[in-house]
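Asks: I'm passing along input39.csv; it holds CSV, C-alpha atoms and all ligand atoms.
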chain,number,residue,atom,x,y,z
A,1,GLU,CA,23.2,-104.5,23.8
A,2,LEU,CA,21.4,-103.1,26.9
A,3,GLU,CA,23.7,-105.3,29.2
A,4,ARG,CA,26.7,-103.2,28.1
A,5,PHE,CA,25.0,-100.2,29.6
A,6,SER,CA,24.9,-101.8,33.1
A,7,ASP,CA,28.3,-103.5,32.9
A,8,PRO,CA,30.0,-102.9,36.3
A,9,ASP,CA,33.5,-102.2,34.9
A,10,LEU,CA,32.2,-99.8,32.4
A,11,SER,CA,30.0,-98.2,35.1
A,12,ARG,CA,33.0,-97.7,37.3
A,13,HIS,CA,35.1,-96.1,34.6
A,14,SER,CA,32.2,-93.9,33.7
A,15,LEU,CA,31.8,-92.9,37.3
A,16,GLU,CA,35.5,-92.0,37.6
A,17,ALA,CA,35.3,-89.9,34.5
A,18,VAL,CA,32.3,-88.0,35.9
A,19,LEU,CA,34.1,-87.5,39.2
A,20,GLU,CA,37.2,-86.2,37.5
A,21,ALA,CA,35.2,-83.8,35.3
A,22,ALA,CA,33.2,-82.6,38.3
A,23,GLU,CA,36.4,-81.8,40.2
A,24,LYS,CA,37.6,-79.8,37.2
A,25,PHE,CA,34.3,-77.9,37.2
A,26,LYS,CA,34.7,-77.2,40.9
A,27,ALA,CA,38.2,-76.0,40.6
A,28,ALA,CA,37.1,-73.6,37.9
A,29,ASN,CA,33.9,-72.4,39.5
A,30,GLY,CA,34.5,-72.8,43.3
A,31,ARG,CA,31.4,-75.0,43.6
A,32,SER,CA,29.9,-78.2,42.4
A,33,PRO,CA,27.7,-78.4,39.3
A,34,VAL,CA,23.9,-78.5,39.7
A,35,PHE,CA,21.9,-80.6,37.3
A,36,MET,CA,18.2,-81.3,37.1
A,37,GLU,CA,16.8,-84.6,35.7
A,38,VAL,CA,13.3,-84.2,34.3
A,39,CYS,CA,12.0,-87.7,34.3
A,40,GLY,CA,10.7,-89.9,37.1
A,41,SER,CA,12.4,-92.9,35.7
A,42,HIS,CA,15.8,-91.0,35.8
A,43,THR,CA,15.1,-90.0,39.4
A,44,MET,CA,14.5,-93.6,40.4
A,45,ALA,CA,17.4,-95.0,38.3
A,46,LEU,CA,19.8,-92.5,39.8
A,47,ALA,CA,18.8,-93.4,43.3
A,48,LYS,CA,18.5,-97.1,42.8
A,49,THR,CA,21.9,-97.5,41.1
A,50,GLY,CA,23.6,-95.6,43.9
A,51,ILE,CA,24.8,-93.0,41.4
A,52,LYS,CA,23.1,-90.1,43.2
A,53,ALA,CA,24.5,-91.1,46.6
A,54,ARG,CA,28.0,-91.7,45.2
A,55,LEU,CA,28.0,-88.3,43.5
A,56,LYS,CA,26.4,-86.3,46.2
A,57,ASP,CA,29.5,-84.4,47.3
A,58,HIS,CA,30.5,-83.8,43.6
A,59,VAL,CA,27.4,-83.2,41.5
A,60,ARG,CA,24.2,-81.9,42.9
A,61,LEU,CA,21.3,-83.7,41.2
A,62,ILE,CA,17.9,-82.2,41.6
A,63,ALA,CA,14.7,-84.1,40.6
A,64,GLY,CA,12.4,-81.9,38.5
A,65,PRO,CA,8.8,-82.2,37.5
A,66,GLY,CA,9.0,-85.6,35.7
A,67,CYS,CA,6.8,-87.9,37.6
A,68,PRO,CA,3.3,-87.9,36.1
A,69,VAL,CA,1.6,-89.1,39.2
A,70,CYS,CA,3.3,-86.5,41.4
A,71,VAL,CA,2.4,-83.5,39.2
A,72,THR,CA,-1.3,-84.5,39.0
A,73,ASP,CA,-3.4,-82.0,40.8
A,74,GLN,CA,-5.3,-83.0,43.9
A,75,LYS,CA,-8.5,-81.7,42.3
A,76,SER,CA,-8.2,-84.4,39.6
A,77,ILE,CA,-8.3,-87.1,42.2
A,78,ASP,CA,-11.3,-85.5,43.9
A,79,ALA,CA,-13.1,-85.3,40.5
A,80,MET,CA,-12.3,-88.9,39.8
A,81,ILE,CA,-13.7,-90.0,43.2
A,82,ALA,CA,-16.8,-88.0,42.5
A,83,LEU,CA,-17.1,-89.5,39.0
A,84,SER,CA,-16.8,-93.0,40.3
A,85,LYS,CA,-20.0,-92.8,42.3
A,86,GLY,CA,-22.9,-94.5,40.7
A,87,PRO,CA,-23.8,-98.0,39.8
A,88,ASP,CA,-23.4,-97.4,36.1
A,89,ARG,CA,-19.8,-96.4,36.2
A,90,ILE,CA,-16.4,-98.1,35.8
A,91,LEU,CA,-13.5,-95.9,36.5
A,92,CYS,CA,-10.0,-97.0,35.2
A,93,THR,CA,-6.6,-95.8,36.2
A,94,PHE,CA,-2.9,-96.7,36.3
A,95,GLY,CA,-2.0,-98.5,39.6
A,96,ASP,CA,0.0,-95.7,41.2
A,97,MET,CA,-3.0,-93.3,41.1
A,98,MET,CA,-4.9,-95.5,43.5
A,99,ARG,CA,-3.0,-94.4,46.5
A,100,VAL,CA,-2.6,-90.7,45.8
A,101,PRO,CA,-4.5,-88.8,48.4
A,102,GLY,CA,-7.2,-86.4,47.2
A,103,SER,CA,-8.7,-83.8,49.5
A,104,LYS,CA,-10.5,-86.4,51.7
A,105,PHE,CA,-9.3,-89.9,50.6
A,106,THR,CA,-7.9,-92.0,47.8
A,107,LEU,CA,-9.3,-93.9,44.9
A,108,MET,CA,-8.3,-97.0,46.8
A,109,LYS,CA,-10.6,-96.0,49.7
A,110,ALA,CA,-13.4,-95.2,47.3
A,111,LYS,CA,-12.9,-98.7,45.8
A,112,THR,CA,-13.1,-100.3,49.3
A,113,GLU,CA,-16.3,-98.4,49.8
A,114,GLY,CA,-17.8,-100.2,46.8
A,115,GLU,CA,-17.1,-98.0,43.8
A,116,ASP,CA,-16.1,-99.8,40.7
A,117,ILE,CA,-12.5,-98.6,40.2
A,118,ARG,CA,-10.1,-100.8,38.3
A,119,VAL,CA,-6.4,-100.7,37.7
A,120,VAL,CA,-5.4,-101.2,34.0
A,121,TYR,CA,-2.0,-101.3,32.3
A,122,SER,CA,-3.1,-99.4,29.3
A,123,PRO,CA,-5.9,-97.1,28.3
A,124,LEU,CA,-6.6,-99.7,25.5
A,125,ASP,CA,-7.7,-102.1,28.3
A,126,SER,CA,-10.4,-99.7,29.3
A,127,VAL,CA,-11.6,-99.3,25.7
A,128,LYS,CA,-12.0,-103.1,25.7
A,129,MET,CA,-13.8,-102.9,29.1
A,130,ALA,CA,-16.3,-100.3,27.6
A,131,GLU,CA,-16.9,-102.7,24.7
A,132,GLU,CA,-17.7,-105.6,27.1
A,133,ASN,CA,-19.9,-103.5,29.4
A,134,PRO,CA,-22.2,-101.5,27.1
A,135,GLU,CA,-24.6,-100.7,30.0
A,136,LYS,CA,-21.8,-98.9,32.0
A,137,GLU,CA,-19.9,-95.7,31.5
A,138,VAL,CA,-16.2,-96.4,31.4
A,139,ILE,CA,-14.0,-93.5,32.3
A,140,PHE,CA,-10.2,-93.5,32.1
A,141,LEU,CA,-8.0,-91.1,34.2
A,142,GLY,CA,-5.6,-89.9,31.5
A,143,ILE,CA,-2.4,-88.8,33.1
A,144,GLY,CA,1.1,-88.7,31.6
A,145,PHE,CA,3.7,-86.8,29.6
A,146,GLU,CA,4.5,-86.9,25.9
A,147,THR,CA,5.5,-90.6,26.3
A,148,THR,CA,2.0,-91.7,27.4
A,149,ILE,CA,-0.2,-89.2,25.6
A,150,PRO,CA,-0.1,-90.9,22.1
A,151,ILE,CA,-1.5,-94.0,23.8
A,152,LEU,CA,-4.4,-91.9,25.1
A,153,ALA,CA,-5.0,-90.6,21.5
A,154,LEU,CA,-4.8,-94.2,20.3
A,155,ALA,CA,-7.5,-95.3,22.8
A,156,ILE,CA,-9.8,-92.5,21.5
A,157,ARG,CA,-9.1,-93.7,17.9
A,158,GLU,CA,-10.1,-97.3,19.0
A,159,ALA,CA,-13.2,-96.1,20.8
A,160,GLU,CA,-14.1,-94.0,17.7
A,161,LYS,CA,-13.6,-97.0,15.4
A,162,LYS,CA,-15.8,-99.2,17.6
A,163,ASN,CA,-18.3,-96.4,17.8
A,164,LEU,CA,-18.4,-96.6,21.6
A,165,GLN,CA,-20.7,-94.2,23.3
A,166,ASN,CA,-19.8,-95.3,26.8
A,167,PHE,CA,-16.1,-94.5,26.9
A,168,SER,CA,-14.4,-91.3,27.9
A,169,ILE,CA,-11.1,-90.0,29.2
A,170,TRP,CA,-10.6,-87.4,32.0
A,171,MET,CA,-7.5,-85.7,30.4
A,172,THR,CA,-5.0,-84.3,32.8
A,173,THR,CA,-1.9,-84.7,30.6
A,174,LYS,CA,1.4,-82.7,30.9
A,175,LEU,CA,4.0,-81.4,28.5
A,176,VAL,CA,7.6,-81.0,29.3
A,177,GLU,CA,8.5,-77.8,27.4
A,178,PRO,CA,6.0,-75.4,29.1
A,179,VAL,CA,6.9,-76.6,32.6
A,180,LEU,CA,10.7,-76.2,32.0
A,181,ARG,CA,10.1,-72.7,30.7
A,182,THR,CA,8.0,-71.9,33.8
A,183,LEU,CA,10.8,-73.3,36.1
A,184,LEU,CA,13.5,-71.3,34.3
A,185,ASP,CA,11.5,-68.1,34.1
A,186,ALA,CA,10.8,-68.4,37.9
A,187,GLY,CA,14.5,-68.8,38.5
A,188,GLU,CA,14.0,-70.3,41.9
A,189,VAL,CA,16.5,-73.0,41.3
A,190,LYS,CA,19.9,-72.2,39.9
A,191,LEU,CA,21.0,-74.9,37.4
A,192,ASP,CA,24.0,-75.6,35.3
A,193,GLY,CA,22.3,-78.0,33.0
A,194,PHE,CA,19.6,-80.6,32.4
A,195,LEU,CA,19.7,-84.4,32.1
A,196,LEU,CA,16.9,-84.6,29.6
A,197,PRO,CA,14.2,-87.3,29.5
A,198,GLY,CA,15.0,-90.0,26.9
A,199,HIS,CA,11.5,-91.4,26.8
A,200,VAL,CA,9.8,-88.1,26.2
A,201,ALA,CA,12.5,-87.3,23.5
A,202,ILE,CA,11.6,-90.5,21.6
A,203,VAL,CA,8.2,-88.9,20.9
A,204,SER,CA,9.0,-85.2,20.8
A,205,GLY,CA,12.6,-85.4,19.3
A,206,LYS,CA,15.9,-83.9,20.2
A,207,ARG,CA,14.9,-80.6,18.5
A,208,SER,CA,12.0,-80.1,21.0
A,209,PHE,CA,14.7,-79.3,23.6
A,210,ASP,CA,16.8,-76.9,21.5
A,211,PHE,CA,14.8,-73.9,23.1
A,212,LEU,CA,16.8,-74.6,26.3
A,213,SER,CA,20.2,-73.7,24.7
A,214,LYS,CA,18.9,-71.1,22.3
A,215,GLU,CA,16.5,-69.2,24.5
A,216,TYR,CA,17.8,-69.9,28.0
A,217,ASN,CA,21.5,-70.4,27.4
A,218,MET,CA,21.1,-73.8,29.2
A,219,PRO,CA,22.9,-76.9,28.1
A,220,GLY,CA,21.3,-80.4,28.3
A,221,VAL,CA,21.9,-84.0,27.3
A,222,ILE,CA,19.2,-86.5,26.4
A,223,SER,CA,20.0,-89.6,28.3
A,224,GLY,CA,19.0,-93.2,28.6
A,225,PHE,CA,18.3,-95.0,31.8
A,226,GLU,CA,21.0,-97.6,32.5
A,227,PRO,CA,24.0,-96.7,34.7
A,228,VAL,CA,26.5,-96.2,31.9
A,229,GLN,CA,24.0,-94.1,29.9
A,230,LEU,CA,23.2,-91.9,32.9
A,231,LEU,CA,26.9,-91.4,33.7
A,232,SER,CA,27.7,-90.8,30.0
A,233,GLY,CA,24.9,-88.1,29.9
A,234,MET,CA,26.4,-86.4,32.9
A,235,TYR,CA,29.9,-86.6,31.6
A,236,LYS,CA,28.9,-85.0,28.3
A,237,LEU,CA,27.0,-82.3,30.2
A,238,LEU,CA,30.2,-81.6,32.3
A,239,GLN,CA,32.3,-81.5,29.1
A,240,LEU,CA,30.0,-78.9,27.6
A,241,LEU,CA,30.3,-76.8,30.8
A,242,LEU,CA,34.1,-77.2,30.9
A,243,GLU,CA,34.4,-76.2,27.3
A,244,LYS,CA,31.9,-73.3,27.9
A,245,LYS,CA,29.6,-74.6,25.2
A,246,VAL,CA,25.9,-74.3,25.3
A,247,ASP,CA,24.2,-77.0,23.4
A,248,ILE,CA,21.6,-79.8,23.5
A,249,LEU,CA,23.2,-83.2,22.9
A,250,ASN,CA,21.4,-86.5,22.1
A,251,ASP,CA,23.1,-89.3,24.0
A,252,TYR,CA,20.3,-91.7,23.4
A,253,THR,CA,20.7,-91.8,19.6
A,254,TYR,CA,19.6,-95.4,19.1
A,255,LEU,CA,16.0,-94.4,20.1
A,256,VAL,CA,15.8,-90.6,19.8
A,257,LYS,CA,15.8,-88.9,16.4
A,258,ASP,CA,16.1,-85.2,15.8
A,259,GLU,CA,12.5,-84.9,14.7
A,260,GLY,CA,11.1,-87.5,17.1
A,261,ASN,CA,8.4,-90.0,16.3
A,262,LEU,CA,6.3,-88.4,13.5
A,263,VAL,CA,3.6,-91.0,13.7
A,264,ALA,CA,3.0,-90.4,17.4
A,265,GLN,CA,3.2,-86.6,16.8
A,266,LYS,CA,0.5,-86.9,14.1
A,267,MET,CA,-1.7,-88.8,16.5
A,268,LEU,CA,-1.4,-86.0,19.0
A,269,ASP,CA,-2.1,-83.4,16.3
A,270,ASP,CA,-5.2,-85.3,15.0
A,271,TYR,CA,-6.9,-85.7,18.3
A,272,LEU,CA,-5.6,-83.2,20.8
A,273,GLU,CA,-5.0,-79.5,21.3
A,274,PRO,CA,-3.2,-77.4,23.9
A,275,TYR,CA,-4.8,-76.7,27.2
A,276,ASP,CA,-4.0,-74.6,30.3
A,277,GLU,CA,-3.2,-77.5,32.6
A,278,VAL,CA,-3.1,-77.3,36.4
A,279,TRP,CA,0.1,-78.7,38.0
A,280,ARG,CA,0.4,-79.7,41.6
A,281,GLY,CA,2.3,-77.0,43.5
A,282,MET,CA,2.6,-74.8,40.4
A,283,SER,CA,-1.1,-73.9,39.7
A,284,THR,CA,-2.0,-73.3,36.0
A,285,ILE,CA,0.6,-73.3,33.3
A,286,PRO,CA,-0.6,-72.0,29.9
A,287,GLY,CA,-0.6,-74.5,27.1
A,288,SER,CA,1.0,-77.2,29.4
A,289,GLY,CA,-1.4,-80.0,28.7
A,290,LEU,CA,-3.3,-81.5,25.8
A,291,VAL,CA,-7.1,-82.1,25.7
A,292,LEU,CA,-9.4,-83.7,23.1
A,293,LYS,CA,-10.4,-81.5,20.2
A,294,GLU,CA,-14.0,-80.3,20.1
A,295,LYS,CA,-14.7,-82.9,17.4
A,296,TYR,CA,-14.0,-85.6,20.0
A,297,ALA,CA,-15.9,-83.9,22.9
A,298,SER,CA,-18.1,-87.0,23.3
A,299,PHE,CA,-15.0,-88.9,24.6
A,300,ASP,CA,-14.0,-86.1,26.9
A,301,ALA,CA,-15.1,-86.9,30.5
A,302,LYS,CA,-14.8,-83.3,31.6
A,303,LYS,CA,-17.4,-82.3,29.0
A,304,LYS,CA,-19.6,-85.4,29.3
A,305,PHE,CA,-20.1,-85.4,33.0
A,306,ASN,CA,-20.9,-82.4,35.2
A,307,VAL,CA,-18.5,-82.7,38.1
A,308,SER,CA,-17.6,-79.9,40.4
A,309,VAL,CA,-15.2,-80.2,43.2
A,310,GLY,CA,-14.1,-77.7,45.8
A,311,GLU,CA,-10.7,-76.2,46.2
A,312,PRO,CA,-8.1,-78.7,47.4
A,313,ARG,CA,-7.6,-79.1,51.1
A,314,LYS,CA,-4.3,-77.7,52.3
A,315,THR,CA,-1.9,-80.3,53.8
A,316,LYS,CA,1.6,-80.2,55.2
A,317,CYS,CA,2.8,-82.2,52.2
A,318,ARG,CA,5.4,-80.2,50.3
A,319,CYS,CA,5.3,-82.1,47.0
A,320,GLY,CA,4.8,-78.9,45.1
A,321,GLU,CA,8.2,-77.7,46.2
A,322,ILE,CA,9.8,-81.2,45.7
A,323,ILE,CA,8.5,-81.2,42.1
A,324,LYS,CA,10.0,-77.7,41.4
A,325,GLY,CA,13.3,-78.9,43.0
A,326,THR,CA,13.3,-76.1,45.6
A,327,ILE,CA,13.5,-78.5,48.6
A,328,THR,CA,14.8,-82.0,49.1
A,329,PRO,CA,12.6,-84.7,50.7
A,330,GLU,CA,14.5,-84.4,54.0
A,331,GLU,CA,13.4,-80.8,54.2
A,332,CYS,CA,9.8,-81.9,54.5
A,333,MET,CA,9.0,-82.4,58.2
A,334,LEU,CA,6.8,-85.5,57.4
A,335,PHE,CA,9.5,-87.3,55.4
A,336,ALA,CA,10.1,-90.8,56.9
A,337,LYS,CA,8.0,-89.8,59.9
A,338,GLY,CA,4.3,-89.3,59.1
A,339,CYS,CA,5.0,-90.1,55.5
A,340,THR,CA,6.4,-93.4,54.3
A,341,PRO,CA,5.8,-95.6,51.3
A,342,THR,CA,3.4,-97.7,53.4
A,343,HIS,CA,1.6,-94.6,54.7
A,344,PRO,CA,2.1,-91.9,52.0
A,345,ILE,CA,0.8,-88.4,52.6
A,346,GLY,CA,1.7,-87.1,49.2
A,347,PRO,CA,2.1,-88.4,45.6
A,348,CYS,CA,5.9,-88.0,45.7
A,349,MET,CA,5.9,-90.8,48.2
A,350,VAL,CA,3.2,-92.9,46.5
A,351,SER,CA,4.6,-93.1,43.0
A,352,THR,CA,7.3,-95.6,42.0
A,353,GLU,CA,8.9,-92.6,40.2
A,354,GLY,CA,8.4,-90.1,43.0
A,355,THR,CA,11.3,-88.2,44.5
A,356,CYS,CA,10.4,-88.9,48.1
A,357,ALA,CA,9.9,-92.6,47.4
A,358,ALA,CA,13.3,-92.8,45.7
A,359,HIS,CA,14.9,-90.9,48.5
A,360,TYR,CA,13.2,-93.1,51.2
A,361,GLN,CA,14.2,-96.3,49.5
A,362,TYR,CA,17.7,-95.6,48.5
A,363,MET,CA,19.1,-92.4,50.0
A,364,ARG,CA,17.9,-92.3,53.6
A,365,GLU,CA,20.7,-91.9,56.1
A,366,ASP,CA,19.0,-92.9,59.3
B,1,LIG,FE1,4.7,-84.9,50.6
B,1,LIG,FE2,5.5,-87.0,52.0
B,1,LIG,FE3,7.2,-86.0,50.3
B,1,LIG,FE4,6.6,-84.7,52.5
B,1,LIG,S1,7.7,-86.6,52.3
B,1,LIG,S2,6.7,-83.8,50.4
B,1,LIG,S3,4.5,-85.3,52.8
B,1,LIG,S4,5.2,-86.9,49.8
Would it be possible to restate this file's structure as structure tokens?

Replies:
Amino acid sequence: ELERFSDPDLSRHSLEAVLEAAEKFKAANGRSPVFMEVCGSHTMALAKTGIKARLKDHVRLIAGPGCPVCVTDQKSIDAMIALSKGPDRILCTFGDMMRVPGSKFTLMKAKTEGEDIRVVYSPLDSVKMAEENPEKEVIFLGIGFETTIPILALAIREAEKKNLQNFSIWMTTKLVEPVLRTLLDAGEVKLDGFLLPGHVAIVSGKRSFDFLSKEYNMPGVISGFEPVQLLSGMYKLLQLLLEKKVDILNDYTYLVKDEGNLVAQKMLDDYLEPYDEVWRGMSTIPGSGLVLKEKYASFDAKKKFNVSVGEPRKTKCRCGEIIKGTITPEECMLFAKGCTPTHPIGPCMVSTEGTCAAHYQYMRED
């Protein structure tokens, strides 16, 4: 079934349909349409498949705040480095976080200096690690959007079941709706519509995006990740614009339901509550993250350990603006010069879903 969505002939036809619809939009409006994708996997897929490069003179695609590594505040890295110190600690994180620079250095550097920092594929691996190392405190760096947060809640449920006293999570999770509201309220980027994140919508449901059309008069299409799915999402978005309709469409119906995944949502409700989360480049957005409820405070690393870190060091990295979509990677003076995937200065170049990394690998002109 998935193969159909990357079929070259179907992709070509879909691309032609998008180009034709984009031309109609341009004829009617005197400019190309501007869409934002809000998912790091979309950003990478659009670059990797060549769709973004092929469409660049017809549809302006802006990457939004959808890469979980990129939106993680520098202070969280600093806090994790501080937390890793001590012989009784094991710090666990997803691989991409290892190379994200904090104020002074990275988790990778801290590891080379002897701290016990381990890459895991799932927070559940770190629960197992806590069980196997009862003499150590195991701390997981909990980043991610709606797609990942239920697994963090599941890890807490496992730790609770096993009555582990030595496991905790440093929660720095992010929610899509508050950040989209913040972007739209700020009005710094003029958009015609959103290519909405299929993975997030699996959890939160199609309805969770209805606020865009109802409150912001902004259309959007929930899309999958294969070439035909991406192009179909864009085509449907263009059709909405051409027909002057403002709606949220679900173009990922075989995985996304109107109401989302109720089991995952219940996990979130049971264990977590809203929190004013700090986003890189956007400071604090009210209610934009989830933290553990007071009942589970013993699993909350922020409450369990007394860590204080200073204000983040200012750098020339412009990830904050990249995340908001107000500049392109090429507008950062460090892009492809001081900052490359092998020597990244900011998280947008580190992450496999980062806008700068996608641009460097697939869109660079020199
Ligand atoms: Fe930051 Fe590097 Fe991207 Fe510039 S190119 S914004 S320094 S990650």

Asks: In Å to one decimal, how far is CA of Thr148 in chain A from CA of Leu46 in chain A?

Replies: 21.7 Å

Asks: Between A:Lys24, A:Lys244, A:Lys316, A:Lys75, single out the one closest to ligand LIG 1 (chain B), counting all atoms listed in the file.

Replies: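 With all atoms listed in the file as the atom set, the closest residue is A:Lys316.
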
Asks: Kindly compile the residues surrounding ligand LIG 1 (chain B) within 7 Å, counting all atoms listed in the file, and format them as an MDAnalysis selection string.

Replies: chainID A and resid 316:319 322 329 332:336 339:340 344:349 356

Asks: What does the structure give for the distance between CA of Glu20 in chain A and CA of Ala63 in chain A, in Å to one decimal?

Replies: 22.8 Å

Asks: For the atom pair CA of Thr106 in chain A and CA of Ala357 in chain A, what is the interatomic distance in Å to one decimal place?

Replies: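 We find that CA of Thr106 in chain A and CA of Ala357 in chain A lie 17.8 Å from each other.
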
Asks: Could you check the closest approach to Ala82 in chain A for each of A:Val307, A:Asp192, A:Asp270, A:Ala358 and tell me which residue wins, using only C-alpha atoms?

Replies: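 Between A:Val307, A:Asp192, A:Asp270, A:Ala358, the residue approaching Ala82 in chain A most closely is A:Val307.
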
Asks: Near Ile77 in chain A, within 8 Å and counting all atoms listed in the file, which residues show up once chain neighbours fewer than 3 positions away are dropped, as a ChimeraX atom specification?

Replies: /A:73-74,80-81,100-102,106-107

Asks: From the options A:Asn306, A:Gln361, A:Gln265, A:Ser298, which residue's atoms come nearest to Thr49 in chain A, counting only C-alpha atoms?

Replies: A:Gln361

Asks: Which protein, DNA or RNA residues are at most 12 Å from (31.5, -96.4, 34.6) in the file's coordinates when you count only C-alpha atoms, listed as a ChimeraX atom specification?

Replies: /A:4-19,49,51,226-235

Asks: Restricting the calculation to all atoms listed in the file, which member of A:Leu184, A:Val38, A:Ala153, A:Val200 is positioned closest to Glu273 in chain A?

Replies: A:Ala153

Asks: Give as a list in words the set of residues within 10 Å of the point (17.8, -91.4, 43.6), where distances use the file's coordinates and all atoms listed in the file.

Replies: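 Residues found, by chain and rising number: Gly40, Ser41, His42, Thr43, Met44, Ala45, Leu46, Ala47, Lys48, Thr49, Gly50, Ile51, Lys52, Ala53, Leu61, Ile62, Ala63, Glu353, Gly354, Thr355, Cys356, Ala357, Ala358, His359, Tyr360, Gln361, Tyr362 and Met363 of chain A.
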
Asks: Deliver the residues from the most recent selection as a file, using C-alpha atoms, as a PDB file, in the frame of the given file.

Replies:
ATOM      1  CA  GLY A  40      10.700 -89.900  37.100  1.00  0.00           C
ATOM      2  CA  SER A  41      12.400 -92.900  35.700  1.00  0.00           C
ATOM      3  CA  HIS A  42      15.800 -91.000  35.800  1.00  0.00           C
ATOM      4  CA  THR A  43      15.100 -90.000  39.400  1.00  0.00           C
ATOM      5  CA  MET A  44      14.500 -93.600  40.400  1.00  0.00           C
ATOM      6  CA  ALA A  45      17.400 -95.000  38.300  1.00  0.00           C
ATOM      7  CA  LEU A  46      19.800 -92.500  39.800  1.00  0.00           C
ATOM      8  CA  ALA A  47      18.800 -93.400  43.300  1.00  0.00           C
ATOM      9  CA  LYS A  48      18.500 -97.100  42.800  1.00  0.00           C
ATOM     10  CA  THR A  49      21.900 -97.500  41.100  1.00  0.00           C
ATOM     11  CA  GLY A  50      23.600 -95.600  43.900  1.00  0.00           C
ATOM     12  CA  ILE A  51      24.800 -93.000  41.400  1.00  0.00           C
ATOM     13  CA  LYS A  52      23.100 -90.100  43.200  1.00  0.00           C
ATOM     14  CA  ALA A  53      24.500 -91.100  46.600  1.00  0.00           C
ATOM     15  CA  LEU A  61      21.300 -83.700  41.200  1.00  0.00           C
ATOM     16  CA  ILE A  62      17.900 -82.200  41.600  1.00  0.00           C
ATOM     17  CA  ALA A  63      14.700 -84.100  40.600  1.00  0.00           C
ATOM     18  CA  GLU A 353       8.900 -92.600  40.200  1.00  0.00           C
ATOM     19  CA  GLY A 354       8.400 -90.100  43.000  1.00  0.00           C
ATOM     20  CA  THR A 355      11.300 -88.200  44.500  1.00  0.00           C
ATOM     21  CA  CYS A 356      10.400 -88.900  48.100  1.00  0.00           C
ATOM     22  CA  ALA A 357       9.900 -92.600  47.400  1.00  0.00           C
ATOM     23  CA  ALA A 358      13.300 -92.800  45.700  1.00  0.00           C
ATOM     24  CA  HIS A 359      14.900 -90.900  48.500  1.00  0.00           C
ATOM     25  CA  TYR A 360      13.200 -93.100  51.200  1.00  0.00           C
ATOM     26  CA  GLN A 361      14.200 -96.300  49.500  1.00  0.00           C
ATOM     27  CA  TYR A 362      17.700 -95.600  48.500  1.00  0.00           C
ATOM     28  CA  MET A 363      19.100 -92.400  50.000  1.00  0.00           C
TER      29      MET A 363
END

Asks: Can you sort out range 313-324 of chain A so it carries N, CA and C atoms, written as a PDB file, in the coordinates of the input?

Replies:
ATOM      1  N   ARG A 313      -7.883 -79.360  49.680  1.00  0.00           N
ATOM      2  CA  ARG A 313      -7.600 -79.100  51.100  1.00  0.00           C
ATOM      3  C   ARG A 313      -6.088 -78.898  51.263  1.00  0.00           C
ATOM      4  N   LYS A 314      -5.742 -77.926  52.105  1.00  0.00           N
ATOM      5  CA  LYS A 314      -4.300 -77.700  52.300  1.00  0.00           C
ATOM      6  C   LYS A 314      -3.752 -78.744  53.274  1.00  0.00           C
ATOM      7  N   THR A 315      -2.565 -79.291  52.939  1.00  0.00           N
ATOM      8  CA  THR A 315      -1.900 -80.300  53.800  1.00  0.00           C
ATOM      9  C   THR A 315      -0.493 -79.812  54.087  1.00  0.00           C
ATOM     10  N   LYS A 316       0.195 -80.574  54.934  1.00  0.00           N
ATOM     11  CA  LYS A 316       1.600 -80.200  55.200  1.00  0.00           C
ATOM     12  C   LYS A 316       2.547 -80.800  54.178  1.00  0.00           C
ATOM     13  N   CYS A 317       1.991 -81.576  53.249  1.00  0.00           N
ATOM     14  CA  CYS A 317       2.800 -82.200  52.200  1.00  0.00           C
ATOM     15  C   CYS A 317       3.451 -81.082  51.345  1.00  0.00           C
ATOM     16  N   ARG A 318       4.745 -81.227  51.064  1.00  0.00           N
ATOM     17  CA  ARG A 318       5.400 -80.200  50.300  1.00  0.00           C
ATOM     18  C   ARG A 318       5.844 -80.671  48.899  1.00  0.00           C
ATOM     19  N   CYS A 319       5.007 -81.596  48.370  1.00  0.00           N
ATOM     20  CA  CYS A 319       5.300 -82.100  47.000  1.00  0.00           C
ATOM     21  C   CYS A 319       5.461 -81.044  45.975  1.00  0.00           C
ATOM     22  N   GLY A 320       4.671 -79.971  46.111  1.00  0.00           N
ATOM     23  CA  GLY A 320       4.800 -78.900  45.100  1.00  0.00           C
ATOM     24  C   GLY A 320       6.199 -78.358  45.029  1.00  0.00           C
ATOM     25  N   GLU A 321       6.835 -78.199  46.206  1.00  0.00           N
ATOM     26  CA  GLU A 321       8.200 -77.700  46.200  1.00  0.00           C
ATOM     27  C   GLU A 321       9.205 -78.777  45.750  1.00  0.00           C
ATOM     28  N   ILE A 322       8.907 -80.035  46.129  1.00  0.00           N
ATOM     29  CA  ILE A 322       9.800 -81.200  45.700  1.00  0.00           C
ATOM     30  C   ILE A 322       9.778 -81.209  44.159  1.00  0.00           C
ATOM     31  N   ILE A 323       8.588 -81.068  43.574  1.00  0.00           N
ATOM     32  CA  ILE A 323       8.500 -81.200  42.100  1.00  0.00           C
ATOM     33  C   ILE A 323       9.238 -80.035  41.423  1.00  0.00           C
ATOM     34  N   LYS A 324       9.257 -78.861  42.038  1.00  0.00           N
ATOM     35  CA  LYS A 324      10.000 -77.700  41.400  1.00  0.00           C
ATOM     36  C   LYS A 324      11.480 -77.809  41.741  1.00  0.00           C
TER      37      LYS A 324
END
